[in-house]
>>> print(open('protein05.cif').read())   # mmCIF, C-alpha atoms and all ligand atoms
data_structure
#
loop_
_atom_site.label_atom_id
_atom_site.label_comp_id
_atom_site.auth_asym_id
_atom_site.auth_seq_id
_atom_site.Cartn_x
_atom_site.Cartn_y
_atom_site.Cartn_z
CA MET A 819 -59.29 -46.51 -31.62
CA SER A 820 -58.70 -45.10 -28.13
CA GLY A 821 -58.13 -47.52 -25.22
CA SER A 822 -59.83 -46.07 -22.14
CA GLY A 823 -62.60 -43.51 -22.53
CA GLN A 824 -61.46 -40.19 -23.84
CA ARG A 825 -57.83 -40.66 -22.85
CA LYS A 826 -55.49 -40.92 -25.80
CA ARG A 827 -52.71 -43.48 -25.69
CA ILE A 828 -49.31 -42.09 -26.65
CA ALA A 829 -46.52 -44.50 -27.61
CA TYR A 830 -43.06 -43.17 -26.70
CA ILE A 831 -40.35 -44.90 -28.69
CA ASP A 832 -36.67 -44.58 -27.67
CA HIS A 833 -33.94 -47.06 -28.56
CA ALA A 834 -31.22 -45.80 -26.18
CA VAL A 835 -29.71 -48.05 -23.53
CA ASP A 836 -27.60 -45.38 -21.81
CA ILE A 837 -29.00 -42.34 -20.00
CA GLY A 838 -28.59 -39.06 -21.85
CA GLY A 839 -30.35 -35.74 -22.02
CA ALA A 840 -32.91 -37.19 -24.43
CA GLU A 841 -33.97 -39.84 -21.95
CA ASN A 842 -33.99 -37.42 -18.99
CA SER A 843 -36.19 -35.06 -21.00
CA LEU A 844 -38.53 -37.89 -21.96
CA VAL A 845 -38.94 -39.09 -18.37
CA GLU A 846 -39.74 -35.54 -17.29
CA LEU A 847 -42.28 -35.16 -20.08
CA ILE A 848 -44.04 -38.44 -19.32
CA SER A 849 -44.25 -37.66 -15.61
CA ARG A 850 -45.94 -34.31 -16.41
CA LEU A 851 -48.61 -35.59 -18.81
CA ASP A 852 -52.15 -34.60 -18.00
CA GLN A 853 -53.39 -38.05 -17.05
CA SER A 854 -57.01 -37.12 -17.62
CA ARG A 855 -56.15 -36.67 -21.32
CA PHE A 856 -53.17 -38.91 -22.13
CA THR A 857 -51.77 -42.31 -21.15
CA ALA A 858 -48.10 -43.06 -21.86
CA VAL A 859 -46.89 -46.42 -23.19
CA LEU A 860 -43.11 -46.76 -23.40
CA LEU A 861 -41.54 -48.85 -26.19
CA HIS A 862 -37.88 -49.37 -25.40
CA THR A 863 -34.75 -51.49 -25.63
CA VAL A 864 -34.41 -54.57 -23.42
CA GLY A 865 -32.36 -53.65 -20.33
CA ALA A 866 -32.29 -49.88 -20.98
CA LYS A 867 -30.58 -48.27 -17.97
CA TRP A 868 -32.99 -45.36 -17.60
CA LEU A 869 -36.17 -47.43 -17.15
CA ASP A 870 -35.79 -47.79 -13.41
CA ARG A 871 -36.45 -44.10 -12.78
CA PRO A 872 -39.17 -43.93 -10.10
CA GLU A 873 -41.25 -41.58 -12.29
CA LEU A 874 -41.71 -44.49 -14.72
CA SER A 875 -42.74 -47.12 -12.17
CA ASP A 876 -46.45 -47.05 -13.11
CA ILE A 877 -45.94 -46.60 -16.84
CA GLU A 878 -46.84 -49.42 -19.21
CA LYS A 879 -43.62 -50.64 -20.87
CA ILE A 880 -43.07 -52.85 -23.90
CA ALA A 881 -39.57 -54.05 -24.84
CA VAL A 882 -39.24 -53.85 -28.63
CA PHE A 883 -35.52 -53.36 -29.39
CA GLN A 884 -32.68 -55.75 -28.60
CA PRO A 885 -29.46 -54.21 -27.22
CA ILE A 886 -26.47 -54.72 -29.50
CA SER A 887 -22.90 -55.52 -28.60
CA LEU A 888 -19.93 -53.39 -29.63
CA LEU A 889 -18.88 -56.06 -32.13
CA GLU A 890 -22.35 -56.15 -33.72
CA LYS A 891 -22.44 -52.36 -33.87
CA ARG A 892 -19.12 -52.22 -35.72
CA ARG A 893 -20.14 -55.03 -38.10
CA ASN A 894 -23.41 -53.20 -38.79
CA GLU A 895 -21.55 -50.00 -39.60
CA VAL A 896 -19.37 -51.81 -42.14
CA ALA A 897 -22.41 -53.51 -43.71
CA ALA A 898 -24.30 -50.19 -43.85
CA ARG A 899 -21.40 -48.62 -45.74
CA ARG A 900 -21.04 -51.53 -48.19
CA TRP A 901 -24.68 -52.25 -48.98
CA PRO A 902 -26.60 -49.16 -47.81
CA LEU A 903 -29.87 -49.90 -49.58
CA ILE A 904 -30.14 -53.57 -48.64
CA TRP A 905 -28.90 -52.84 -45.14
CA ASN A 906 -31.33 -49.99 -44.48
CA ALA A 907 -34.23 -52.03 -45.81
CA LEU A 908 -33.33 -55.04 -43.65
CA THR A 909 -32.72 -53.09 -40.45
CA THR A 910 -35.78 -50.88 -40.79
CA MET A 911 -38.52 -52.94 -42.41
CA ARG A 912 -38.67 -55.97 -40.13
CA PRO A 913 -38.53 -54.08 -36.81
CA ALA A 914 -40.99 -51.54 -38.21
CA TRP A 915 -43.40 -54.32 -39.13
CA LEU A 916 -43.15 -55.82 -35.62
CA LEU A 917 -43.53 -52.40 -34.04
CA ASN A 918 -46.60 -51.70 -36.17
CA ARG A 919 -48.18 -54.85 -34.72
CA ALA A 920 -47.23 -53.74 -31.18
CA LEU A 921 -48.82 -50.31 -31.80
CA ARG A 922 -52.05 -51.88 -32.98
CA ARG A 923 -52.14 -54.39 -30.13
CA ALA A 924 -51.51 -51.64 -27.54
CA LYS A 925 -54.30 -49.52 -29.10
CA ILE A 926 -52.02 -46.55 -29.58
CA ASP A 927 -53.51 -43.26 -30.78
CA LEU A 928 -50.32 -41.31 -31.50
CA VAL A 929 -46.64 -42.20 -31.87
CA HIS A 930 -43.94 -39.96 -30.34
CA THR A 931 -40.37 -40.96 -31.31
CA ASN A 932 -37.52 -39.71 -29.11
CA SER A 933 -34.29 -40.97 -30.71
CA LEU A 934 -32.79 -41.04 -34.19
CA LYS A 935 -33.27 -44.75 -34.83
CA ALA A 936 -36.80 -44.48 -33.46
CA HIS A 937 -37.65 -41.70 -35.93
CA PHE A 938 -37.00 -44.12 -38.81
CA ILE A 939 -38.30 -47.39 -37.43
CA GLY A 940 -41.05 -45.93 -35.24
CA GLY A 941 -41.98 -43.52 -38.01
CA LEU A 942 -42.42 -46.30 -40.53
CA ALA A 943 -44.38 -48.35 -37.99
CA ALA A 944 -46.67 -45.38 -37.30
CA ARG A 945 -47.34 -45.07 -41.02
CA LEU A 946 -48.03 -48.81 -41.36
CA ALA A 947 -50.43 -48.59 -38.42
CA HIS A 948 -51.99 -45.33 -39.72
CA ARG A 949 -51.25 -43.43 -36.51
CA PRO A 950 -50.27 -39.73 -36.30
CA LEU A 951 -46.53 -39.28 -35.84
CA VAL A 952 -44.52 -36.81 -33.77
CA TRP A 953 -40.72 -36.77 -34.07
CA HIS A 954 -38.97 -35.19 -31.07
CA VAL A 955 -35.72 -34.30 -32.83
CA ARG A 956 -32.74 -33.83 -30.52
CA ASP A 957 -29.84 -34.32 -32.94
CA LEU A 958 -27.82 -32.09 -35.23
CA LEU A 959 -26.56 -34.14 -38.15
CA GLY A 960 -23.86 -33.29 -40.65
CA GLU A 961 -24.31 -34.08 -44.35
CA ASP A 962 -22.07 -37.13 -43.84
CA GLU A 963 -23.99 -38.23 -40.73
CA GLY A 964 -27.33 -38.93 -42.34
CA LEU A 965 -28.94 -35.50 -42.65
CA GLY A 966 -30.02 -36.29 -46.22
CA LEU A 967 -31.58 -39.55 -45.04
CA LEU A 968 -33.39 -37.78 -42.20
CA ARG A 969 -34.81 -35.20 -44.60
CA ARG A 970 -35.91 -37.91 -47.06
CA ALA A 971 -37.57 -39.82 -44.24
CA ALA A 972 -39.34 -36.64 -43.06
CA ARG A 973 -40.67 -36.04 -46.57
CA MET A 974 -41.92 -39.62 -46.76
CA LEU A 975 -43.26 -40.10 -43.23
CA GLN A 976 -44.70 -36.59 -42.73
CA PRO A 977 -44.08 -36.33 -38.97
CA HIS A 978 -44.98 -33.31 -36.90
CA VAL A 979 -41.44 -32.33 -35.88
CA ILE A 980 -40.71 -31.02 -32.39
CA ALA A 981 -37.23 -29.45 -32.55
CA ILE A 982 -35.37 -28.74 -29.30
CA SER A 983 -33.75 -25.59 -30.73
CA GLN A 984 -33.92 -23.34 -33.78
CA ALA A 985 -30.63 -24.89 -34.90
CA VAL A 986 -32.23 -28.34 -34.90
CA ALA A 987 -35.33 -26.97 -36.67
CA ARG A 988 -33.22 -25.54 -39.50
CA GLN A 989 -32.41 -29.09 -40.60
CA PHE A 990 -35.99 -29.30 -41.90
CA THR A 991 -36.01 -25.99 -43.78
CA GLY A 992 -37.79 -26.26 -47.12
CA LEU A 993 -39.58 -29.52 -46.30
CA PRO A 994 -43.37 -29.80 -46.32
CA VAL A 995 -43.58 -30.80 -42.64
CA GLU A 996 -44.86 -28.92 -39.60
CA VAL A 997 -42.05 -27.96 -37.22
CA ALA A 998 -42.58 -26.69 -33.66
CA VAL A 999 -39.54 -25.39 -31.79
CA ILE A 1000 -39.95 -26.43 -28.14
CA PRO A 1001 -36.72 -25.70 -26.26
CA ASN A 1002 -35.85 -28.21 -23.54
CA GLY A 1003 -36.77 -27.60 -19.94
CA ILE A 1004 -35.66 -29.00 -16.62
CA PRO A 1005 -37.27 -29.60 -13.21
CA LEU A 1006 -36.53 -26.19 -11.69
CA ASP A 1007 -37.32 -27.46 -8.20
CA LYS A 1008 -34.34 -29.87 -8.38
CA PHE A 1009 -31.83 -27.38 -9.82
CA THR A 1010 -31.83 -24.59 -7.26
CA PRO A 1011 -29.04 -22.38 -5.95
CA GLY A 1012 -27.61 -23.26 -2.55
CA PRO A 1013 -24.60 -24.77 -0.86
CA ALA A 1014 -23.21 -28.15 -1.94
CA PRO A 1015 -23.25 -30.88 0.74
CA PRO A 1016 -20.27 -30.30 3.06
CA LYS A 1017 -18.70 -33.71 2.29
CA LEU A 1018 -18.68 -33.32 -1.50
CA HIS A 1019 -15.39 -31.39 -1.69
CA ALA A 1020 -13.55 -34.12 0.16
CA GLU A 1021 -15.32 -36.89 -1.76
CA LEU A 1022 -14.04 -35.40 -5.01
CA GLY A 1023 -10.58 -34.77 -3.60
CA LEU A 1024 -10.97 -30.97 -3.66
CA ALA A 1025 -9.69 -28.43 -1.16
CA PRO A 1026 -12.07 -25.71 0.07
CA TYR A 1027 -9.90 -23.00 -1.52
CA ASP A 1028 -9.78 -24.65 -4.98
CA GLN A 1029 -11.33 -22.79 -7.88
CA VAL A 1030 -13.60 -25.34 -9.49
CA VAL A 1031 -14.75 -25.57 -13.07
CA ALA A 1032 -17.24 -28.34 -13.88
CA VAL A 1033 -18.17 -29.94 -17.19
CA VAL A 1034 -21.16 -32.30 -17.40
CA GLY A 1035 -21.67 -34.53 -20.41
CA ARG A 1036 -20.98 -37.86 -22.04
CA LEU A 1037 -17.33 -38.52 -22.79
CA THR A 1038 -17.67 -38.44 -26.55
CA PRO A 1039 -15.43 -36.47 -28.94
CA TRP A 1040 -17.99 -33.83 -29.99
CA LYS A 1041 -18.52 -32.74 -26.39
CA GLY A 1042 -15.07 -31.15 -26.69
CA HIS A 1043 -13.30 -32.42 -23.56
CA MET A 1044 -9.99 -32.50 -25.45
CA ASN A 1045 -10.22 -28.76 -26.06
CA LEU A 1046 -11.03 -28.21 -22.41
CA LEU A 1047 -7.90 -30.10 -21.37
CA GLU A 1048 -5.81 -27.96 -23.72
CA ALA A 1049 -7.42 -24.83 -22.28
CA VAL A 1050 -6.75 -25.88 -18.69
CA SER A 1051 -3.10 -26.54 -19.52
CA MET A 1052 -2.84 -22.88 -20.55
CA LEU A 1053 -4.08 -21.73 -17.14
CA THR A 1054 -1.77 -23.64 -14.82
CA GLU A 1055 0.29 -20.53 -14.00
CA SER A 1056 -2.41 -17.86 -13.92
CA CYS A 1057 -4.90 -20.03 -11.98
CA PRO A 1058 -2.74 -22.20 -9.68
CA SER A 1059 -5.68 -23.51 -7.64
CA LEU A 1060 -7.85 -24.40 -10.63
CA LYS A 1061 -9.46 -27.86 -10.60
CA VAL A 1062 -11.71 -29.34 -13.26
CA VAL A 1063 -14.44 -31.78 -12.34
CA VAL A 1064 -15.38 -33.92 -15.33
CA VAL A 1065 -18.84 -35.46 -14.81
CA GLY A 1066 -20.05 -38.14 -17.21
CA GLU A 1067 -19.13 -41.52 -18.59
CA VAL A 1068 -18.10 -42.94 -21.91
CA ALA A 1069 -20.75 -44.37 -24.25
CA PHE A 1070 -20.52 -48.13 -24.72
CA TRP A 1071 -19.50 -47.85 -28.38
CA GLU A 1072 -16.47 -45.67 -27.60
CA PRO A 1073 -14.82 -47.56 -24.73
CA GLU A 1074 -11.32 -46.41 -25.67
CA TYR A 1075 -12.14 -42.67 -25.61
CA GLU A 1076 -11.97 -42.31 -21.83
CA GLN A 1077 -8.43 -43.71 -21.85
CA GLN A 1078 -7.46 -41.29 -24.62
CA LEU A 1079 -8.72 -38.35 -22.58
CA LYS A 1080 -6.88 -39.48 -19.47
CA GLN A 1081 -3.66 -40.01 -21.42
CA ARG A 1082 -3.91 -36.52 -22.89
CA ALA A 1083 -4.49 -35.06 -19.42
CA SER A 1084 -1.34 -36.83 -18.19
CA GLN A 1085 0.72 -35.64 -21.18
CA LEU A 1086 -0.38 -32.09 -20.39
CA GLY A 1087 0.63 -32.52 -16.75
CA LEU A 1088 -2.94 -32.22 -15.50
CA ASP A 1089 -3.23 -35.34 -13.37
CA GLU A 1090 -3.53 -33.29 -10.18
CA ARG A 1091 -5.98 -30.84 -11.70
CA VAL A 1092 -8.61 -33.02 -13.31
CA VAL A 1093 -11.11 -35.01 -11.27
CA TRP A 1094 -12.69 -37.78 -13.34
CA ALA A 1095 -15.97 -38.06 -11.48
CA GLY A 1096 -17.66 -40.61 -13.80
CA PHE A 1097 -21.45 -40.82 -14.00
CA ARG A 1098 -23.10 -38.95 -11.12
CA SER A 1099 -26.69 -38.80 -10.01
CA ASP A 1100 -26.01 -35.65 -7.94
CA VAL A 1101 -25.34 -33.25 -10.81
CA ALA A 1102 -27.21 -30.39 -9.08
CA ASP A 1103 -24.85 -30.64 -6.08
CA ILE A 1104 -21.76 -30.70 -8.26
CA LEU A 1105 -23.02 -27.60 -10.05
CA ARG A 1106 -23.55 -25.92 -6.68
CA LEU A 1107 -19.97 -26.75 -5.76
CA CYS A 1108 -18.36 -25.30 -8.89
CA ASP A 1109 -17.43 -21.67 -9.56
CA VAL A 1110 -17.92 -21.76 -13.31
CA PHE A 1111 -19.64 -24.26 -15.61
CA VAL A 1112 -18.10 -25.14 -18.98
CA LEU A 1113 -19.51 -26.99 -21.97
CA PRO A 1114 -16.99 -26.98 -24.84
CA SER A 1115 -19.11 -28.98 -27.37
CA VAL A 1116 -18.84 -28.75 -31.10
CA ASN A 1117 -22.35 -28.36 -32.51
CA GLU A 1118 -24.39 -29.12 -29.39
CA PRO A 1119 -28.05 -29.51 -30.41
CA PHE A 1120 -29.16 -27.93 -27.12
CA GLY A 1121 -27.27 -28.95 -23.96
CA ARG A 1122 -29.52 -29.51 -20.98
CA ALA A 1123 -26.49 -29.40 -18.72
CA ILE A 1124 -26.18 -25.69 -19.54
CA ILE A 1125 -29.66 -24.82 -18.31
CA GLU A 1126 -29.13 -26.97 -15.24
CA ALA A 1127 -26.01 -24.91 -14.43
CA MET A 1128 -27.86 -21.65 -15.10
CA ALA A 1129 -30.73 -22.73 -12.84
CA VAL A 1130 -28.26 -23.40 -10.05
CA GLY A 1131 -26.91 -19.89 -10.56
CA ARG A 1132 -23.64 -20.57 -12.29
CA ALA A 1133 -22.02 -18.49 -15.04
CA VAL A 1134 -21.47 -20.58 -18.16
CA VAL A 1135 -18.60 -20.73 -20.63
CA ALA A 1136 -19.78 -22.49 -23.78
CA THR A 1137 -19.31 -22.56 -27.52
CA ALA A 1138 -21.17 -20.39 -30.02
CA SER A 1139 -22.35 -23.37 -32.02
CA GLY A 1140 -25.51 -25.43 -32.50
CA GLY A 1141 -28.36 -24.45 -30.20
CA VAL A 1142 -26.17 -22.99 -27.44
CA PRO A 1143 -26.45 -19.29 -28.43
CA GLU A 1144 -30.23 -19.67 -28.03
CA ILE A 1145 -29.66 -20.48 -24.36
CA VAL A 1146 -26.64 -18.49 -23.17
CA VAL A 1147 -26.80 -14.72 -23.58
CA ASP A 1148 -23.18 -13.83 -24.33
CA GLY A 1149 -21.78 -11.34 -21.83
CA GLU A 1150 -24.88 -11.56 -19.66
CA THR A 1151 -25.44 -15.13 -18.44
CA GLY A 1152 -22.05 -16.40 -19.56
CA LEU A 1153 -19.40 -16.19 -22.22
CA LEU A 1154 -19.54 -17.80 -25.65
CA VAL A 1155 -16.37 -18.73 -27.50
CA PRO A 1156 -15.79 -20.26 -30.94
CA ALA A 1157 -15.93 -24.06 -30.96
CA GLU A 1158 -12.61 -25.91 -31.05
CA ASP A 1159 -10.63 -22.89 -29.86
CA PRO A 1160 -8.81 -23.80 -26.63
CA HIS A 1161 -7.20 -20.31 -26.40
CA ALA A 1162 -10.55 -18.56 -26.39
CA LEU A 1163 -11.90 -21.14 -23.94
CA ALA A 1164 -8.97 -20.54 -21.59
CA GLN A 1165 -9.40 -16.77 -21.79
CA ALA A 1166 -13.10 -16.92 -21.01
CA MET A 1167 -12.59 -19.28 -18.07
CA ALA A 1168 -9.76 -17.11 -16.72
CA ALA A 1169 -11.89 -13.95 -17.04
CA LEU A 1170 -14.68 -15.40 -14.92
CA LEU A 1171 -12.38 -17.04 -12.38
CA ALA A 1172 -10.57 -13.74 -11.90
CA ASP A 1173 -13.81 -11.85 -11.30
CA PRO A 1174 -16.04 -13.88 -8.95
CA GLN A 1175 -18.43 -10.97 -8.54
CA LYS A 1176 -19.02 -10.82 -12.28
CA ALA A 1177 -19.44 -14.61 -12.38
CA GLN A 1178 -21.99 -14.38 -9.58
CA GLN A 1179 -23.99 -11.67 -11.36
CA MET A 1180 -24.00 -13.75 -14.54
CA GLY A 1181 -25.12 -16.76 -12.53
CA GLU A 1182 -28.03 -14.81 -11.05
CA LYS A 1183 -29.12 -13.66 -14.49
CA GLY A 1184 -28.75 -17.23 -15.73
CA ARG A 1185 -31.01 -18.47 -12.94
CA ALA A 1186 -33.64 -15.86 -13.82
CA ARG A 1187 -33.42 -16.78 -17.51
CA ALA A 1188 -33.69 -20.52 -16.80
CA CYS A 1189 -36.75 -19.97 -14.59
CA LYS A 1190 -38.41 -17.80 -17.22
CA HIS A 1191 -37.72 -19.91 -20.32
CA PHE A 1192 -36.58 -23.41 -19.52
CA SER A 1193 -38.99 -25.26 -17.25
CA ALA A 1194 -40.02 -28.87 -17.82
CA ASP A 1195 -43.64 -27.83 -17.09
CA ARG A 1196 -43.63 -25.47 -20.08
CA VAL A 1197 -42.27 -28.24 -22.33
CA ALA A 1198 -45.00 -30.67 -21.23
CA LYS A 1199 -47.68 -28.06 -21.89
CA GLN A 1200 -46.39 -27.27 -25.38
CA VAL A 1201 -45.92 -30.92 -26.35
CA GLN A 1202 -49.49 -31.72 -25.28
CA GLU A 1203 -50.68 -28.86 -27.48
CA VAL A 1204 -48.95 -30.59 -30.40
CA TYR A 1205 -50.74 -33.87 -29.54
CA ALA A 1206 -54.10 -32.09 -29.34
CA HIS A 1207 -53.44 -30.49 -32.71
CA ARG A 1208 -52.48 -33.79 -34.35
CA LEU A 1209 -55.33 -35.72 -32.75
CA GLY A 1210 -57.86 -33.00 -33.46
CA THR A 1211 -59.01 -33.01 -29.81
N1 LIG B 1301 -26.05 -36.37 -16.52
C1 LIG B 1301 -26.13 -37.00 -15.30
N2 LIG B 1301 -24.99 -37.57 -14.80
C2 LIG B 1301 -23.82 -37.55 -15.46
C3 LIG B 1301 -23.76 -36.93 -16.72
C4 LIG B 1301 -24.89 -36.33 -17.22
O1 LIG B 1301 -27.17 -37.03 -14.65
O2 LIG B 1301 -22.85 -38.09 -14.94
C5 LIG B 1301 -27.26 -35.72 -17.05
C6 LIG B 1301 -27.15 -34.20 -17.09
O3 LIG B 1301 -27.45 -33.65 -15.83
C7 LIG B 1301 -28.14 -33.84 -18.19
C8 LIG B 1301 -28.02 -35.02 -19.13
O4 LIG B 1301 -27.44 -36.09 -18.41
O5 LIG B 1301 -29.46 -33.79 -17.68
C9 LIG B 1301 -27.17 -34.69 -20.34
O6 LIG B 1301 -27.93 -33.92 -21.19
P1 LIG B 1301 -27.34 -32.91 -22.25
O7 LIG B 1301 -28.48 -32.41 -23.02
O8 LIG B 1301 -26.48 -31.91 -21.60
O9 LIG B 1301 -26.37 -33.80 -23.15
P2 LIG B 1301 -26.61 -35.13 -24.03
O10 LIG B 1301 -25.88 -36.22 -23.32
O11 LIG B 1301 -28.05 -35.40 -24.10
O12 LIG B 1301 -26.02 -34.80 -25.36
C1 LIG B 1302 -29.51 -34.76 -27.14
C2 LIG B 1302 -28.58 -33.59 -27.44
C3 LIG B 1302 -28.54 -32.55 -26.35
C4 LIG B 1302 -29.93 -32.25 -25.85
C5 LIG B 1302 -30.59 -33.54 -25.39
C6 LIG B 1302 -31.99 -33.34 -24.82
O1 LIG B 1302 -28.91 -35.77 -26.44
O2 LIG B 1302 -27.26 -34.06 -27.66
O3 LIG B 1302 -27.95 -31.36 -26.84
O4 LIG B 1302 -29.90 -31.33 -24.79
O5 LIG B 1302 -30.71 -34.40 -26.50
O6 LIG B 1302 -32.89 -32.94 -25.82
#
>>> encode(input="protein05.cif", output="structure tokens")
Amino acid sequence: MSGSGQRKRIAYIDHAVDIGGAENSLVELISRLDQSRFTAVLLHTVGAKWLDRPELSDIEKIAVFQPISLLEKRRNEVAARRWPLIWNALTTMRPAWLLNRALRRAKIDLVHTNSLKAHFIGGLAARLAHRPLVWHVRDLLGEDEGLGLLRRAARMLQPHVIAISQAVARQFTGLPVEVAVIPNGIPLDKFTPGPAPPKLHAELGLAPYDQVVAVVGRLTPWKGHMNLLEAVSMLTESCPSLKVVVVGEVAFWEPEYEQQLKQRASQLGLDERVVWAGFRSDVADILRLCDVFVLPSVNEPFGRAIIEAMAVGRAVVATASGGVPEIVVDGETGLLVPAEDPHALAQAMAALLADPQKAQQMGEKGRARACKHFSADRVAKQVQEVYAHRLGT
């Protein structure tokens, strides 16, 4: 079955167009594969934005998914609600059949799916092609968001599940599938403590004496930016030089959300305090520039941005929900607050901004914790152990 000698060919299937933590993690995994044992083949969506990463330049790529427009996406959602059975069959079976042919043609030995849609379509294709299947699960689903469907699919497709946190793994409790918890990692050589480039303050419209809080993440409701805005509005008197740098862009299917956030900021009188930085490729530098990092998500499956901030040596304020408490040690590397509680968020931010020494100590402990537990090298090693186990090599 194998293509070249003893090397096993791994198909990575990801349907995303935009760049998120899932795609960053996948690129880092692929670039760390032991090439004497494994060869990566990437099956992706036409025009996906993350494919031009230099680490992927020599990787074999096969376009299998078509990007969809906002209109199509909304029509699909309506159809899926009206005729769920017919719709699921139509949207899964045909692409799965085509993907199965692509897997056979590319002489794939094992299928690794990296996104929700890929778990279903890629999973079915792997079964049709009789290839071992690994699901890299990075989502936390509510009952009304397809958790039941995911569990039924797991029962049927029998993947080896890699969960990015214990919280994600719990979604599979009671199912007869193997689950390995492999927490995310990051390239620790890119996220190091140090000064931000001298021009960055000015570029972002910040004064050297500003107290800076940064948030890094897609502008999507569950990341909790609205709560952060409310929290900041409570600190205008006690922290007069507070500025918030919001890093990240809106996903294509929620174009109106960015406007809603900006309107809310204006209503709260925060126009001078919030810097809408958009998508940035210099996240490490922005983290170096900030005093405190905040991630106010509701049910974050993991949150790579948190370990990036820890690795740079920043204290973190985040929510005690999803996988976050597995990363941030409350009171030691940061402060955890209940999700959707702007008061608690404001208090935690104020506490750290008022005590820079404490924030610095927490940042140092965060850096040590990130180096010990959250390296991309460790992830690659553990994932390859899963492959070896599934392939019996
Ligand atoms: N990111 C980036 N530029 C941005 C916003 C985010 O490079 O403007 C990166 C960020 O550094 C992190 C990833 O995107 O590596 C987001 O991953 P995370 O797990 O925090 O959130 P997700 O978007 O996957 O839910
Ligand atoms: C997903 C999750 C995020 C996680 C990332 C990388 O996008 O939303 O919490 O860190 O995947 O696994």
>>> closest_residue(input="protein05.cif", among="A:Pro1174, A:Gly1003, A:Pro1119, A:Gly966", to="Leu847 of chain A", atoms="only C-alpha atoms")
A:Gly1003
>>> atom_distance(input="protein05.cif", atom1="atom CA of Thr931 of chain A", atom2="atom CA of Phe1097 of chain A")
25.6 Å
>>> residues_around(input="protein05.cif", residues="Ile1004 of chain A", least_positions_apart="3", cutoff="10 Å", atoms="all atoms listed in the file", output="list in words")
Asn842, Ser843, Glu846, Leu847, Asp1007, Lys1008, Phe1009, Arg1122, Ala1123, Ile1125, Glu1126, Ala1129, Ala1188, Cys1189, Phe1192, Ser1193, Ala1194, Asp1195, Arg1196 and Val1197 of chain A
>>> residues_around(input="protein05.cif", residues="Glu1090 of chain A", least_positions_apart="3", cutoff="12 Å", atoms="all atoms listed in the file", output="ChimeraX atom specification")
/A:1022-1025,1028,1050-1051,1054,1058-1063,1080,1083-1084,1086-1087,1093-1094
>>> closest_atom_pairs(input="protein05.cif", of="chain A", to="ligand LIG 1301 (chain B)", cutoff="8 Å", atoms="all atoms listed in the file", output="tab-separated table")
residue	atom	partner	partner_atom	distance
A:Ile837	CA	B:LIG1301	O4	6.6
A:Gly838	CA	B:LIG1301	O10	4.2
A:Gly839	CA	B:LIG1301	O11	3.1
A:Ala840	CA	B:LIG1301	O11	5.2
A:Glu841	CA	B:LIG1301	O11	7.7
A:Asn842	CA	B:LIG1301	O5	6.0
A:Ser843	CA	B:LIG1301	O5	7.6
A:Ile1004	CA	B:LIG1301	O5	7.9
A:Val1034	CA	B:LIG1301	C3	5.4
A:Gly1035	CA	B:LIG1301	C3	4.9
A:Arg1036	CA	B:LIG1301	O10	5.3
A:Lys1041	CA	B:LIG1301	O12	7.8
A:Val1065	CA	B:LIG1301	O2	4.8
A:Gly1066	CA	B:LIG1301	O2	3.6
A:Glu1067	CA	B:LIG1301	O2	6.2
A:Ala1095	CA	B:LIG1301	O2	7.7
A:Gly1096	CA	B:LIG1301	O2	5.9
A:Phe1097	CA	B:LIG1301	O2	3.2
A:Arg1098	CA	B:LIG1301	O2	3.9
A:Ser1099	CA	B:LIG1301	O1	5.0
A:Asp1100	CA	B:LIG1301	O1	6.9
A:Val1101	CA	B:LIG1301	O3	5.5
A:Ala1102	CA	B:LIG1301	O3	7.5
A:Glu1118	CA	B:LIG1301	O12	7.2
A:Pro1119	CA	B:LIG1301	O12	7.6
A:Phe1120	CA	B:LIG1301	O7	6.1
A:Gly1121	CA	B:LIG1301	O7	3.8
A:Arg1122	CA	B:LIG1301	O7	3.7
A:Ala1123	CA	B:LIG1301	O8	3.8
A:Ile1124	CA	B:LIG1301	O8	6.6
A:Glu1126	CA	B:LIG1301	O3	6.9
>>> residues_around(input="protein05.cif", residues="His1043 of chain A", least_positions_apart="6", cutoff="8 Å", atoms="only C-alpha atoms", output="CSV table (one decimal) with C-alpha atoms, in the coordinates of the input")
chain,number,residue,atom,x,y,z
A,1037,LEU,CA,-17.3,-38.5,-22.8
A,1079,LEU,CA,-8.7,-38.4,-22.6
A,1114,PRO,CA,-17.0,-27.0,-24.8
A,1115,SER,CA,-19.1,-29.0,-27.4
